[in-house]
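I have placed the structure first, in the form of structure tokens, so that the comments after it can refer back to it.
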Amino acid sequence: MNCSQALRVKRVYKTLMYMGRDYPAGEKYFKDRLRSSFLKNAHLTDESEIEKKIQLAEHVVRELEAMYKLKKYRTLKQRYYEPLEKD
């Protein structure tokens with residue numbers, strides 16, 4: 001693993017740890033699963049495999065962001081909009 005990949009892995013790990021605070025199943029559950037998945041792939045030495053795993057982790061970050069934004073949107077919609085009455 002070259003230096004830039006190591007930095008990217010650390011950055012995405014820190015980002016996921018930060019995002020885990022708001023995970024619906026709980027912060028401890030998220031952090032335990034995150035730690036185990038990163039340790040499971042710690043033995044990788046092939047740069048292309050490491051790159052694939054980094055891209056997967058970055059995709060998970062984007063998915064979590066989308067999930068959190070949807071959760072916020074639904075909460076705001078519930079609070080500020082009247083439900084439509086069906087006749």
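Letters for chains follow the order of the structure tokens (A, B, ...), residue numbers begin at 1 for each chain, and ligand numbers begin at 1 in the order shown.
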Based on the backbone DSSP call, show me all residues of chain A assigned helix (DSSP H, G or I), as a ChimeraX atom specification.
/A:3-22,27-40,47-80
Could you name the residues that touch region 48-61 of chain A at 12 Å or less, counting only C-alpha atoms, but leaving out those on the same chain fewer than 3 positions away, as a PyMOL selection string?
chain A and resi 1-2+4-20+23+34+37-38+40-45+64-68
If I take CA of Tyr80 (chain A) and CA of Glu63 (chain A), how far is one from the other in Å, to one decimal?
25.8 Å
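What separates CA of Asp22 (chain A) from CA of Lys77 (chain A) is a distance of 19.2 Å.
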Atomic distance CA of Lys31 (chain A) - CA of Leu76 (chain A), expressed in Å with one decimal
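Between these atoms lies a distance of 27.5 Å.
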